[in-house]
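J.: protein16.csv is reproduced in full below (CSV, C-alpha atoms (C1' of nucleotides)).
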chain,number,residue,atom,x,y,z
A,1,MET,CA,-14.5,40.5,-6.8
A,2,GLU,CA,-18.0,41.7,-6.2
A,3,SER,CA,-19.4,42.4,-2.8
A,4,LYS,CA,-22.1,39.9,-3.9
A,5,PRO,CA,-20.5,36.5,-3.7
A,6,ASN,CA,-22.3,35.0,-6.7
A,7,PRO,CA,-20.8,31.5,-6.6
A,8,LEU,CA,-21.6,30.8,-10.2
A,9,ALA,CA,-19.9,33.9,-11.4
A,10,ALA,CA,-16.9,33.1,-9.3
A,11,PHE,CA,-16.9,29.6,-10.7
A,12,GLU,CA,-16.9,30.9,-14.2
A,13,ALA,CA,-14.0,33.2,-13.5
A,14,ALA,CA,-12.1,30.4,-11.9
A,15,CYS,CA,-12.6,28.3,-15.0
A,16,ARG,CA,-11.4,31.0,-17.3
A,17,LYS,CA,-8.4,31.6,-15.2
A,18,ALA,CA,-7.7,27.9,-15.3
A,19,GLY,CA,-8.1,27.8,-19.0
A,20,LEU,CA,-11.2,25.7,-18.8
A,21,LYS,CA,-14.1,26.3,-21.2
A,22,VAL,CA,-17.3,27.4,-19.5
A,23,THR,CA,-19.9,25.0,-20.8
A,24,GLN,CA,-23.4,24.6,-19.8
A,25,GLN,CA,-22.7,21.1,-18.4
A,26,ARG,CA,-19.9,22.4,-16.2
A,27,LEU,CA,-22.0,25.2,-14.9
A,28,GLU,CA,-24.9,22.9,-14.1
A,29,ILE,CA,-22.7,20.3,-12.5
A,30,TYR,CA,-21.2,23.0,-10.3
A,31,ARG,CA,-24.5,24.5,-9.5
A,32,GLU,CA,-26.0,21.2,-8.5
A,33,LEU,CA,-23.0,20.3,-6.4
A,34,PHE,CA,-23.0,23.7,-4.8
A,35,ALA,CA,-26.6,23.3,-3.8
A,36,ALA,CA,-26.1,19.7,-2.6
A,37,THR,CA,-25.4,19.1,1.1
A,38,ASP,CA,-25.2,15.3,0.9
A,39,HIS,CA,-21.9,14.8,-0.9
A,40,PRO,CA,-23.4,13.0,-3.9
A,41,THR,CA,-21.6,10.4,-6.0
A,42,ALA,CA,-21.1,11.0,-9.7
A,43,GLU,CA,-24.1,8.8,-10.4
A,44,VAL,CA,-26.4,10.5,-8.0
A,45,LEU,CA,-25.4,13.8,-9.4
A,46,HIS,CA,-26.0,12.6,-12.9
A,47,HIS,CA,-29.4,11.6,-12.0
A,48,ARG,CA,-30.3,15.0,-10.6
A,49,LEU,CA,-28.8,16.8,-13.5
A,50,ARG,CA,-30.9,15.0,-16.0
A,51,GLU,CA,-33.8,17.0,-14.8
A,52,LYS,CA,-32.3,20.2,-16.2
A,53,LEU,CA,-30.0,18.7,-18.8
A,54,PRO,CA,-31.8,15.6,-20.1
A,55,THR,CA,-29.0,14.7,-22.5
A,56,ILE,CA,-26.0,15.0,-20.1
A,57,SER,CA,-24.0,11.8,-20.0
A,58,LEU,CA,-22.6,10.1,-17.0
A,59,ASP,CA,-19.2,10.2,-18.5
A,60,THR,CA,-19.3,13.9,-18.7
A,61,VAL,CA,-20.2,14.1,-15.0
A,62,TYR,CA,-17.3,11.9,-14.2
A,63,ARG,CA,-15.0,13.7,-16.4
A,64,THR,CA,-16.0,17.1,-15.2
A,65,LEU,CA,-15.8,16.1,-11.6
A,66,ALA,CA,-12.3,14.9,-12.2
A,67,THR,CA,-11.3,18.0,-14.0
A,68,LEU,CA,-12.8,20.4,-11.4
A,69,ALA,CA,-11.2,18.4,-8.6
A,70,SER,CA,-7.8,18.5,-10.2
A,71,HIS,CA,-8.2,22.3,-10.3
A,72,GLY,CA,-9.2,22.4,-6.7
A,73,LEU,CA,-12.6,23.7,-7.4
A,74,ILE,CA,-14.3,20.8,-5.8
A,75,ASN,CA,-13.1,18.0,-3.4
A,76,ARG,CA,-13.3,14.3,-3.6
A,77,VAL,CA,-14.4,13.1,-0.2
A,78,GLU,CA,-12.7,10.1,1.2
A,79,THR,CA,-15.3,7.5,2.4
A,80,ALA,CA,-13.8,4.0,2.8
A,81,GLU,CA,-16.7,2.8,0.7
A,82,SER,CA,-15.6,2.1,-2.9
A,83,LEU,CA,-17.5,5.2,-4.0
A,84,SER,CA,-16.2,8.6,-4.6
A,85,ARG,CA,-18.3,11.4,-3.2
A,86,PHE,CA,-17.8,15.1,-4.0
A,87,GLU,CA,-18.4,18.5,-2.6
A,88,VAL,CA,-17.7,22.1,-3.6
A,89,THR,CA,-14.5,23.4,-2.0
A,90,ARG,CA,-15.7,25.7,0.8
A,91,THR,CA,-14.1,26.9,4.0
A,92,PRO,CA,-12.3,24.2,5.9
A,93,HIS,CA,-14.6,21.8,7.5
A,94,HIS,CA,-14.8,18.2,8.5
A,95,HIS,CA,-17.1,15.2,8.1
A,96,LEU,CA,-19.3,13.0,10.1
A,97,ILE,CA,-19.9,9.6,8.5
A,98,CYS,CA,-22.6,7.2,9.6
A,99,ARG,CA,-21.5,3.6,9.5
A,100,GLU,CA,-25.1,2.5,8.9
A,101,CYS,CA,-26.5,4.6,6.1
A,102,GLY,CA,-23.3,6.0,4.8
A,103,GLY,CA,-24.6,9.6,5.1
A,104,ILE,CA,-22.0,12.3,5.3
A,105,VAL,CA,-22.6,15.5,7.1
A,106,ASP,CA,-20.3,18.5,7.4
A,107,PHE,CA,-19.3,20.1,10.6
A,108,ASN,CA,-17.0,22.9,11.7
A,109,TRP,CA,-14.3,22.5,14.3
A,110,PRO,CA,-12.2,25.6,14.3
A,111,LEU,CA,-10.7,24.7,17.6
A,112,ILE,CA,-8.6,22.1,16.0
A,113,GLU,CA,-6.6,24.7,14.2
A,114,ARG,CA,-5.2,25.7,17.5
A,115,VAL,CA,-4.0,22.3,18.5
A,116,LYS,CA,-0.3,21.9,17.9
A,117,LEU,CA,0.7,19.1,15.5
A,118,PRO,CA,3.2,16.5,16.6
A,119,GLU,CA,6.8,17.4,15.8
A,120,GLU,CA,7.3,14.4,13.7
A,121,ILE,CA,5.1,15.8,11.0
A,122,GLY,CA,7.6,18.5,10.2
A,123,SER,CA,10.1,15.9,9.1
A,124,TRP,CA,7.5,14.1,6.9
A,125,GLY,CA,6.9,16.9,4.5
A,126,THR,CA,4.7,19.9,3.9
A,127,ILE,CA,1.2,20.0,5.3
A,128,ASP,CA,-1.6,21.1,3.0
A,129,ARG,CA,-5.0,20.3,4.4
A,130,LYS,CA,-6.2,18.8,7.6
A,131,SER,CA,-9.4,16.8,7.5
A,132,VAL,CA,-11.1,15.1,10.4
A,133,VAL,CA,-13.5,12.3,9.8
A,134,ILE,CA,-15.7,11.1,12.6
A,135,TYR,CA,-17.4,7.8,12.3
A,136,GLY,CA,-20.5,6.9,14.2
A,137,ILE,CA,-24.2,6.1,13.9
A,138,CYS,CA,-26.5,8.9,13.2
A,139,ASP,CA,-29.7,9.3,15.2
A,140,GLY,CA,-31.7,8.5,12.1
A,141,CYS,CA,-30.2,5.0,12.1
A,142,SER,CA,-29.8,4.2,15.8
A,143,GLY,CA,-32.6,6.2,17.3
A,144,SER,CA,-35.3,4.9,15.0
A,145,ARG,CA,-36.6,1.4,15.1
A,146,LYS,CA,-34.7,-0.3,12.3
A,147,GLY,CA,-31.8,0.7,10.0
A,148,ARG,CA,-33.5,3.6,8.3
A,149,LYS,CA,-31.8,5.3,5.5
A,150,GLY,CA,-30.6,8.5,7.2
A,151,ALA,CA,-31.6,11.9,5.9
A,152,SER,CA,-28.6,12.1,3.6
A,153,GLY,CA,-27.9,8.4,3.2
A,154,THR,CA,-27.2,7.1,-0.3
A,155,ARG,CA,-28.4,3.6,-0.7
A,156,LYS,CA,-29.1,2.1,-4.0
B,1,MET,CA,10.0,-10.2,21.2
B,2,GLU,CA,8.7,-12.8,23.5
B,3,SER,CA,7.9,-11.1,26.7
B,4,LYS,CA,5.3,-9.0,24.8
B,5,PRO,CA,1.9,-10.3,24.0
B,6,ASN,CA,2.2,-12.2,20.8
B,7,PRO,CA,0.0,-10.5,18.3
B,8,LEU,CA,-0.6,-13.6,16.3
B,9,ALA,CA,-1.8,-15.5,19.4
B,10,ALA,CA,-4.0,-12.6,20.2
B,11,PHE,CA,-5.4,-12.6,16.7
B,12,GLU,CA,-6.1,-16.3,16.9
B,13,ALA,CA,-7.9,-15.8,20.2
B,14,ALA,CA,-9.9,-13.0,18.6
B,15,CYS,CA,-10.9,-15.1,15.7
B,16,ARG,CA,-12.0,-17.9,18.0
B,17,LYS,CA,-14.0,-15.5,20.0
B,18,ALA,CA,-15.7,-14.2,16.9
B,19,GLY,CA,-16.5,-17.7,15.7
B,20,LEU,CA,-14.0,-17.4,12.8
B,21,LYS,CA,-11.9,-20.4,11.9
B,22,VAL,CA,-8.2,-20.0,12.2
B,23,THR,CA,-6.8,-20.9,8.8
B,24,GLN,CA,-3.3,-20.6,7.6
B,25,GLN,CA,-4.4,-18.0,5.1
B,26,ARG,CA,-5.9,-15.8,7.7
B,27,LEU,CA,-2.9,-16.1,9.9
B,28,GLU,CA,-0.6,-15.1,7.1
B,29,ILE,CA,-2.7,-12.3,5.9
B,30,TYR,CA,-2.9,-10.9,9.4
B,31,ARG,CA,0.8,-11.4,10.0
B,32,GLU,CA,1.7,-9.7,6.8
B,33,LEU,CA,-0.6,-6.8,7.5
B,34,PHE,CA,0.7,-6.5,11.0
B,35,ALA,CA,4.2,-6.3,9.7
B,36,ALA,CA,3.3,-3.8,7.0
B,37,THR,CA,3.7,-0.1,7.6
B,38,ASP,CA,2.5,1.1,4.3
B,39,HIS,CA,-1.2,0.3,4.4
B,40,PRO,CA,-1.2,-2.0,1.4
B,41,THR,CA,-4.1,-2.6,-1.0
B,42,ALA,CA,-5.5,-6.1,-1.3
B,43,GLU,CA,-3.5,-6.6,-4.4
B,44,VAL,CA,-0.2,-5.6,-2.9
B,45,LEU,CA,-0.9,-7.8,0.1
B,46,HIS,CA,-1.7,-10.7,-2.2
B,47,HIS,CA,1.5,-10.2,-4.0
B,48,ARG,CA,3.5,-10.3,-0.8
B,49,LEU,CA,1.7,-13.3,0.5
B,50,ARG,CA,2.5,-15.4,-2.5
B,51,GLU,CA,6.0,-15.7,-1.3
B,52,LYS,CA,4.9,-17.8,1.7
B,53,LEU,CA,1.6,-19.1,0.4
B,54,PRO,CA,2.1,-19.5,-3.4
B,55,THR,CA,-1.4,-20.7,-3.9
B,56,ILE,CA,-3.3,-18.1,-2.0
B,57,SER,CA,-5.8,-16.4,-4.2
B,58,LEU,CA,-6.6,-12.7,-4.5
B,59,ASP,CA,-10.2,-13.5,-3.7
B,60,THR,CA,-9.3,-14.9,-0.4
B,61,VAL,CA,-7.3,-11.9,0.4
B,62,TYR,CA,-10.3,-9.7,-0.4
B,63,ARG,CA,-12.7,-11.9,1.4
B,64,THR,CA,-10.5,-12.2,4.4
B,65,LEU,CA,-9.9,-8.5,4.6
B,66,ALA,CA,-13.6,-7.8,4.4
B,67,THR,CA,-14.2,-10.4,7.1
B,68,LEU,CA,-11.6,-9.1,9.5
B,69,ALA,CA,-12.6,-5.6,8.9
B,70,SER,CA,-16.2,-6.4,9.7
B,71,HIS,CA,-15.1,-7.8,13.0
B,72,GLY,CA,-13.0,-4.8,13.8
B,73,LEU,CA,-9.7,-6.7,13.6
B,74,ILE,CA,-8.4,-4.5,10.9
B,75,ASN,CA,-9.3,-1.1,9.4
B,76,ARG,CA,-10.1,-0.1,5.9
B,77,VAL,CA,-8.3,3.2,5.4
B,78,GLU,CA,-10.1,6.0,3.5
B,79,THR,CA,-7.9,7.4,0.7
B,80,ALA,CA,-9.8,9.3,-1.9
B,81,GLU,CA,-8.2,7.2,-4.5
B,82,SER,CA,-10.4,4.4,-5.7
B,83,LEU,CA,-8.4,1.9,-3.9
B,84,SER,CA,-9.0,0.4,-0.5
B,85,ARG,CA,-6.0,0.2,1.8
B,86,PHE,CA,-5.9,-1.7,5.0
B,87,GLU,CA,-4.1,-1.7,8.4
B,88,VAL,CA,-4.2,-3.7,11.5
B,89,THR,CA,-6.3,-2.1,14.2
B,90,ARG,CA,-3.9,-0.6,16.7
B,91,THR,CA,-4.1,2.2,19.2
B,92,PRO,CA,-5.9,5.2,17.8
B,93,HIS,CA,-3.8,7.0,15.3
B,94,HIS,CA,-4.1,9.2,12.3
B,95,HIS,CA,-2.8,9.4,8.7
B,96,LEU,CA,-0.6,11.6,6.6
B,97,ILE,CA,-1.2,11.1,2.9
B,98,CYS,CA,1.1,12.4,0.2
B,99,ARG,CA,-0.8,13.9,-2.7
B,100,GLU,CA,2.1,13.0,-5.0
B,101,CYS,CA,3.0,9.4,-4.3
B,102,GLY,CA,-0.1,8.4,-2.4
B,103,GLY,CA,2.0,7.1,0.4
B,104,ILE,CA,0.3,6.8,3.8
B,105,VAL,CA,2.1,7.3,7.1
B,106,ASP,CA,0.7,6.9,10.6
B,107,PHE,CA,1.1,9.5,13.3
B,108,ASN,CA,-0.1,9.9,16.8
B,109,TRP,CA,-1.8,13.0,18.0
B,110,PRO,CA,-3.1,12.3,21.5
B,111,LEU,CA,-3.7,16.0,22.1
B,112,ILE,CA,-6.7,15.9,19.8
B,113,GLU,CA,-8.6,13.8,22.3
B,114,ARG,CA,-8.6,16.7,24.6
B,115,VAL,CA,-10.2,19.1,22.2
B,116,LYS,CA,-13.9,19.5,22.8
B,117,LEU,CA,-16.1,18.6,19.9
B,118,PRO,CA,-18.7,21.1,18.6
B,119,GLU,CA,-22.1,20.8,20.3
B,120,GLU,CA,-23.9,20.1,17.1
B,121,ILE,CA,-22.3,16.7,17.0
B,122,GLY,CA,-24.3,15.5,20.0
B,123,SER,CA,-27.5,16.0,18.0
B,124,TRP,CA,-26.2,14.1,15.0
B,125,GLY,CA,-25.7,10.7,16.7
B,126,THR,CA,-23.2,8.6,18.5
B,127,ILE,CA,-19.6,9.1,17.9
B,128,ASP,CA,-17.4,6.0,17.4
B,129,ARG,CA,-14.0,6.8,16.0
B,130,LYS,CA,-12.2,10.0,15.2
B,131,SER,CA,-9.7,10.0,12.4
B,132,VAL,CA,-7.6,12.8,11.2
B,133,VAL,CA,-6.2,12.8,7.7
B,134,ILE,CA,-3.6,15.3,6.8
B,135,TYR,CA,-2.8,15.8,3.1
B,136,GLY,CA,0.5,17.3,1.9
B,137,ILE,CA,3.6,16.5,0.0
B,138,CYS,CA,6.1,14.3,1.6
B,139,ASP,CA,9.8,15.2,1.5
B,140,GLY,CA,10.5,12.3,-0.7
B,141,CYS,CA,8.4,13.9,-3.4
B,142,SER,CA,9.0,17.6,-2.9
B,143,GLY,CA,12.5,17.5,-1.7
B,144,SER,CA,14.0,15.4,-4.4
B,145,ARG,CA,14.2,16.5,-8.0
B,146,LYS,CA,11.2,14.9,-9.6
B,147,GLY,CA,8.2,13.1,-8.4
B,148,ARG,CA,9.8,10.2,-6.8
B,149,LYS,CA,7.8,7.3,-5.6
B,150,GLY,CA,8.0,7.8,-1.9
B,151,ALA,CA,9.2,5.1,0.5
B,152,SER,CA,5.7,3.8,1.0
B,153,GLY,CA,4.1,4.9,-2.2
B,154,THR,CA,2.0,2.5,-4.2
B,155,ARG,CA,2.1,3.2,-7.8
B,156,LYS,CA,1.2,0.6,-10.3
C,1,DC,C1',-11.8,28.6,-37.5
C,2,DT,C1',-9.3,26.0,-33.6
C,3,DT,C1',-9.3,23.6,-29.8
C,4,DG,C1',-11.2,21.6,-26.2
C,5,DA,C1',-15.7,19.4,-24.4
C,6,DT,C1',-19.5,16.2,-24.9
C,7,DG,C1',-21.9,11.7,-25.9
C,8,DC,C1',-22.0,7.2,-27.0
C,9,DA,C1',-20.2,2.8,-26.6
C,10,DA,C1',-16.7,-0.2,-25.4
C,11,DA,C1',-12.9,-1.1,-22.3
C,12,DT,C1',-10.7,-1.3,-17.5
C,13,DA,C1',-9.9,-2.1,-12.8
C,14,DG,C1',-11.1,-3.1,-8.4
C,15,DT,C1',-14.0,-5.9,-5.9
C,16,DT,C1',-17.7,-9.4,-5.2
C,17,DT,C1',-20.0,-13.8,-5.8
C,18,DG,C1',-21.4,-19.0,-7.1
C,19,DC,C1',-19.9,-23.4,-6.7
C,20,DA,C1',-17.1,-27.7,-5.6
C,21,DG,C1',-13.6,-29.5,-2.9
C,22,DG,C1',-10.5,-29.0,1.6
C,23,DC,C1',-9.4,-28.0,6.0
C,24,DT,C1',-10.7,-26.5,10.9
C,25,DC,C1',-13.2,-27.6,14.8
D,1,DG,C1',-18.2,-35.7,10.2
D,2,DA,C1',-20.4,-30.8,9.5
D,3,DG,C1',-19.7,-26.5,8.1
D,4,DC,C1',-16.9,-22.8,7.2
D,5,DC,C1',-13.1,-21.4,4.1
D,6,DT,C1',-10.5,-21.5,-0.1
D,7,DG,C1',-9.6,-21.3,-5.1
D,8,DC,C1',-11.1,-20.8,-9.5
D,9,DA,C1',-13.8,-18.5,-12.8
D,10,DA,C1',-17.3,-15.7,-14.0
D,11,DA,C1',-20.0,-11.5,-12.7
D,12,DC,C1',-20.5,-6.7,-11.2
D,13,DT,C1',-19.9,-2.0,-10.6
D,14,DA,C1',-17.7,2.2,-10.5
D,15,DT,C1',-14.8,4.7,-13.4
D,16,DT,C1',-12.0,5.6,-17.6
D,17,DT,C1',-11.0,6.0,-22.5
D,18,DG,C1',-11.3,6.3,-27.9
D,19,DC,C1',-13.5,8.6,-31.4
D,20,DA,C1',-16.6,11.5,-34.1
D,21,DT,C1',-19.3,15.5,-33.4
D,22,DC,C1',-20.3,20.0,-31.4
D,23,DA,C1',-19.8,24.3,-29.1
D,24,DA,C1',-16.8,27.9,-26.7
D,25,DG,C1',-13.3,31.3,-27.4
Would you mind writing the structure in this file as structure tokens?

T.:
Amino acid sequence: MESKPNPLAAFEAACRKAGLKVTQQRLEIYRELFAATDHPTAEVLHHRLREKLPTISLDTVYRTLATLASHGLINRVETAESLSRFEVTRTPHHHLICRECGGIVDFNWPLIERVKLPEEIGSWGTIDRKSVVIYGICDGCSGSRKGRKGASGTRK
Amino acid sequence: MESKPNPLAAFEAACRKAGLKVTQQRLEIYRELFAATDHPTAEVLHHRLREKLPTISLDTVYRTLATLASHGLINRVETAESLSRFEVTRTPHHHLICRECGGIVDFNWPLIERVKLPEEIGSWGTIDRKSVVIYGICDGCSGSRKGRKGASGTRK
DNA sequence: CTTGATGCAAATAGTTTGCAGGCTC
DNA sequence: GAGCCTGCAAACTATTTGCATCAAG
């Protein structure tokens, strides 16, 4: 409600409203995900979190991500790999995914909201969210000599 | 049925061209996937295939799907669940996914090809494929009384 | 205090892989 | 006949769950 959009405070409020307890782990997980731009996996997130919360367990990260996602506070990003990636729910946006390094980058495409959807969709059900995923090869991978791990790639 | 290009024959040709051997399992897997409209998982496909090929193993299904996908003959559909779903590569199309039953339905949206992409994408890399995923609740789930398993839902 | 959240470890589930025999080419 | 493909079983990896303990409300 403040003019100052403190995301952490907003998150706390959202938790309370949802009946979720505000724990240090949840705050840190959210803070970390909020700061991230690379759509980390649970494991990656866990690794980063251990710097601040050395005792946090991977299970808690998984559990918290699932909880927050079910409350719409974060999104599970679809990737075609067998890995779930997450992001904080922000304004509508879309994703660029590199086939090479698996990196995911956001982009905005407001124009698409203007495009009329096919009629047939009306008879399918109620639309909720529209997400465009564009696949390709990022410059980091194709431009450079060999298959480099792109800026935001996540390779083991 | 005849006058049209026989998809199975085309598939065989594609396999040969790719240096893949044409085995009965591959033919049946492709045929089954071609006939399917519900983007089955490997396991679902395996179950269906056993009617015709009682001895086919789940591993073969997985392996074949991976092989065909790597040759672009089929697509792995991104779903946000932790399940991979597949479809035969056809003309460009998009997906409607029901949050309730998980059912996936195709739709065409040729208009989208006309919409100019944001400039920023040019500096990211080379675009390959554009895929729109629309989430919502299908009529089968919202319209009816309780959470029905939609026509093409895949619940265990 | 009461209830829900965390950590730890063990359990699952989907998917992948090694190996020996079979079937395409 | 040579090599790729299949089936079987065992291995992996990501993710989930049971339970005792601990912290938030």

J.: Could you pull the residues within 12 Å of range 3-11 of chain C, counting only C-alpha atoms (C1' of nucleotides), minus those fewer than 5 positions along the same chain, as a PDB file with C-alpha atoms (C1' of nucleotides), keeping the file's coordinate frame?

T.:
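out-v6.pdb was written with the following content:
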ATOM      1  CA  GLY A  19      -8.100  27.800 -19.000  1.00  0.00           C
ATOM      2  CA  LEU A  20     -11.200  25.700 -18.800  1.00  0.00           C
ATOM      3  CA  LYS A  21     -14.100  26.300 -21.200  1.00  0.00           C
ATOM      4  CA  VAL A  22     -17.300  27.400 -19.500  1.00  0.00           C
ATOM      5  CA  THR A  23     -19.900  25.000 -20.800  1.00  0.00           C
ATOM      6  CA  GLN A  24     -23.400  24.600 -19.800  1.00  0.00           C
ATOM      7  CA  GLN A  25     -22.700  21.100 -18.400  1.00  0.00           C
ATOM      8  CA  ARG A  26     -19.900  22.400 -16.200  1.00  0.00           C
ATOM      9  CA  THR A  55     -29.000  14.700 -22.500  1.00  0.00           C
ATOM     10  CA  ILE A  56     -26.000  15.000 -20.100  1.00  0.00           C
ATOM     11  CA  SER A  57     -24.000  11.800 -20.000  1.00  0.00           C
ATOM     12  CA  LEU A  58     -22.600  10.100 -17.000  1.00  0.00           C
ATOM     13  CA  ASP A  59     -19.200  10.200 -18.500  1.00  0.00           C
ATOM     14  CA  THR A  60     -19.300  13.900 -18.700  1.00  0.00           C
ATOM     15  CA  VAL A  61     -20.200  14.100 -15.000  1.00  0.00           C
ATOM     16  CA  TYR A  62     -17.300  11.900 -14.200  1.00  0.00           C
ATOM     17  CA  ARG A  63     -15.000  13.700 -16.400  1.00  0.00           C
ATOM     18  CA  THR A  64     -16.000  17.100 -15.200  1.00  0.00           C
ATOM     19  CA  THR A  67     -11.300  18.000 -14.000  1.00  0.00           C
TER      20      THR A  67
ATOM     21  C1'  DT D  15     -14.800   4.700 -13.400  1.00  0.00           C
ATOM     22  C1'  DT D  16     -12.000   5.600 -17.600  1.00  0.00           C
ATOM     23  C1'  DT D  17     -11.000   6.000 -22.500  1.00  0.00           C
ATOM     24  C1'  DG D  18     -11.300   6.300 -27.900  1.00  0.00           C
ATOM     25  C1'  DC D  19     -13.500   8.600 -31.400  1.00  0.00           C
ATOM     26  C1'  DA D  20     -16.600  11.500 -34.100  1.00  0.00           C
ATOM     27  C1'  DT D  21     -19.300  15.500 -33.400  1.00  0.00           C
ATOM     28  C1'  DC D  22     -20.300  20.000 -31.400  1.00  0.00           C
ATOM     29  C1'  DA D  23     -19.800  24.300 -29.100  1.00  0.00           C
ATOM     30  C1'  DA D  24     -16.800  27.900 -26.700  1.00  0.00           C
ATOM     31  C1'  DG D  25     -13.300  31.300 -27.400  1.00  0.00           C
TER      32       DG D  25
END

J.: What does the C-alpha RMSD come to when chain A is least-squares superposed onto chain B, all C-alpha atoms paired in sequence order?

T.: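 Between these identical-sequence chains, the C-alpha RMSD is 1.6 Å.
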
J.: Take CA of Arg114 in chain A and CA of Ile127 in chain A and report the distance between them in Å, one decimal.

T.: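 Pair CA of Arg114 in chain A / CA of Ile127 in chain A returns 14.9 Å.
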
J.: What does the distance from CA of Cys141 in chain A to CA of His71 in chain B come to in Å, to one decimal?

T.: 19.8 Å

J.: Would you give me, as a PyMOL selection string, the residues of chain A that come within 6 Å of chain B, using all atoms listed in the file?

T.: chain A and resi 78-80+124-139

J.: Tell me, in Å to one decimal, how far CA of Gly103 in chain A is from CA of Ala35 in chain A.

T.: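 Atom-to-atom, CA of Gly103 in chain A to CA of Ala35 in chain A, that is 16.5 Å.
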
J.: Need the neighbours of (-20.9, -5.7, -3.7): which residues are at most 9 Å away, counting all atoms listed in the file, as a PyMOL selection string?

T.: (chain C and resi 15-17) or (chain D and resi 12-13)

J.: Give me the residues near Leu53 in chain B as a list in words, where near means some atom within 10 Å (using all atoms listed in the file) and where sequence neighbours in that chain fewer than 5 positions away do not count.

T.: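 Selected residues are Gln24, Gln25, Glu28, Ile29, His46, His47 and Arg48 of chain B.
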
J.: Rank B:Thr41, B:Ser70, B:Asn6, B:Thr89 by their smallest atom-to-atom distance to chain C, using all atoms listed in the file, and report the top residue only.

T.: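 Selected residue with least distance to chain C: B:Thr41.
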
J.: Quick one: which residues from chain D are at most 10 Å off chain B, using all atoms listed in the file, as a list in words?

T.: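 Result, ordered by chain then number: DC4, DC5, DT6, DG7, DC8, DA14 and DT15 of chain D.
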
J.: Near chain B, which residues of chain C fall within 8 Å when you count all atoms listed in the file, and what do they look like as a short mmCIF file (atom, residue, chain, number, x, y, z; two decimals) with C-alpha atoms (C1' of nucleotides), in the frame of the given file?

T.:
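Once everything was written out, this is part_12.cif:
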data_model
loop_
_atom_site.label_atom_id
_atom_site.label_comp_id
_atom_site.auth_asym_id
_atom_site.auth_seq_id
_atom_site.Cartn_x
_atom_site.Cartn_y
_atom_site.Cartn_z
"C1'" DG C 14 -11.10 -3.10 -8.40
"C1'" DT C 15 -14.00 -5.90 -5.90
"C1'" DT C 24 -10.70 -26.50 10.90
"C1'" DC C 25 -13.20 -27.60 14.80
#
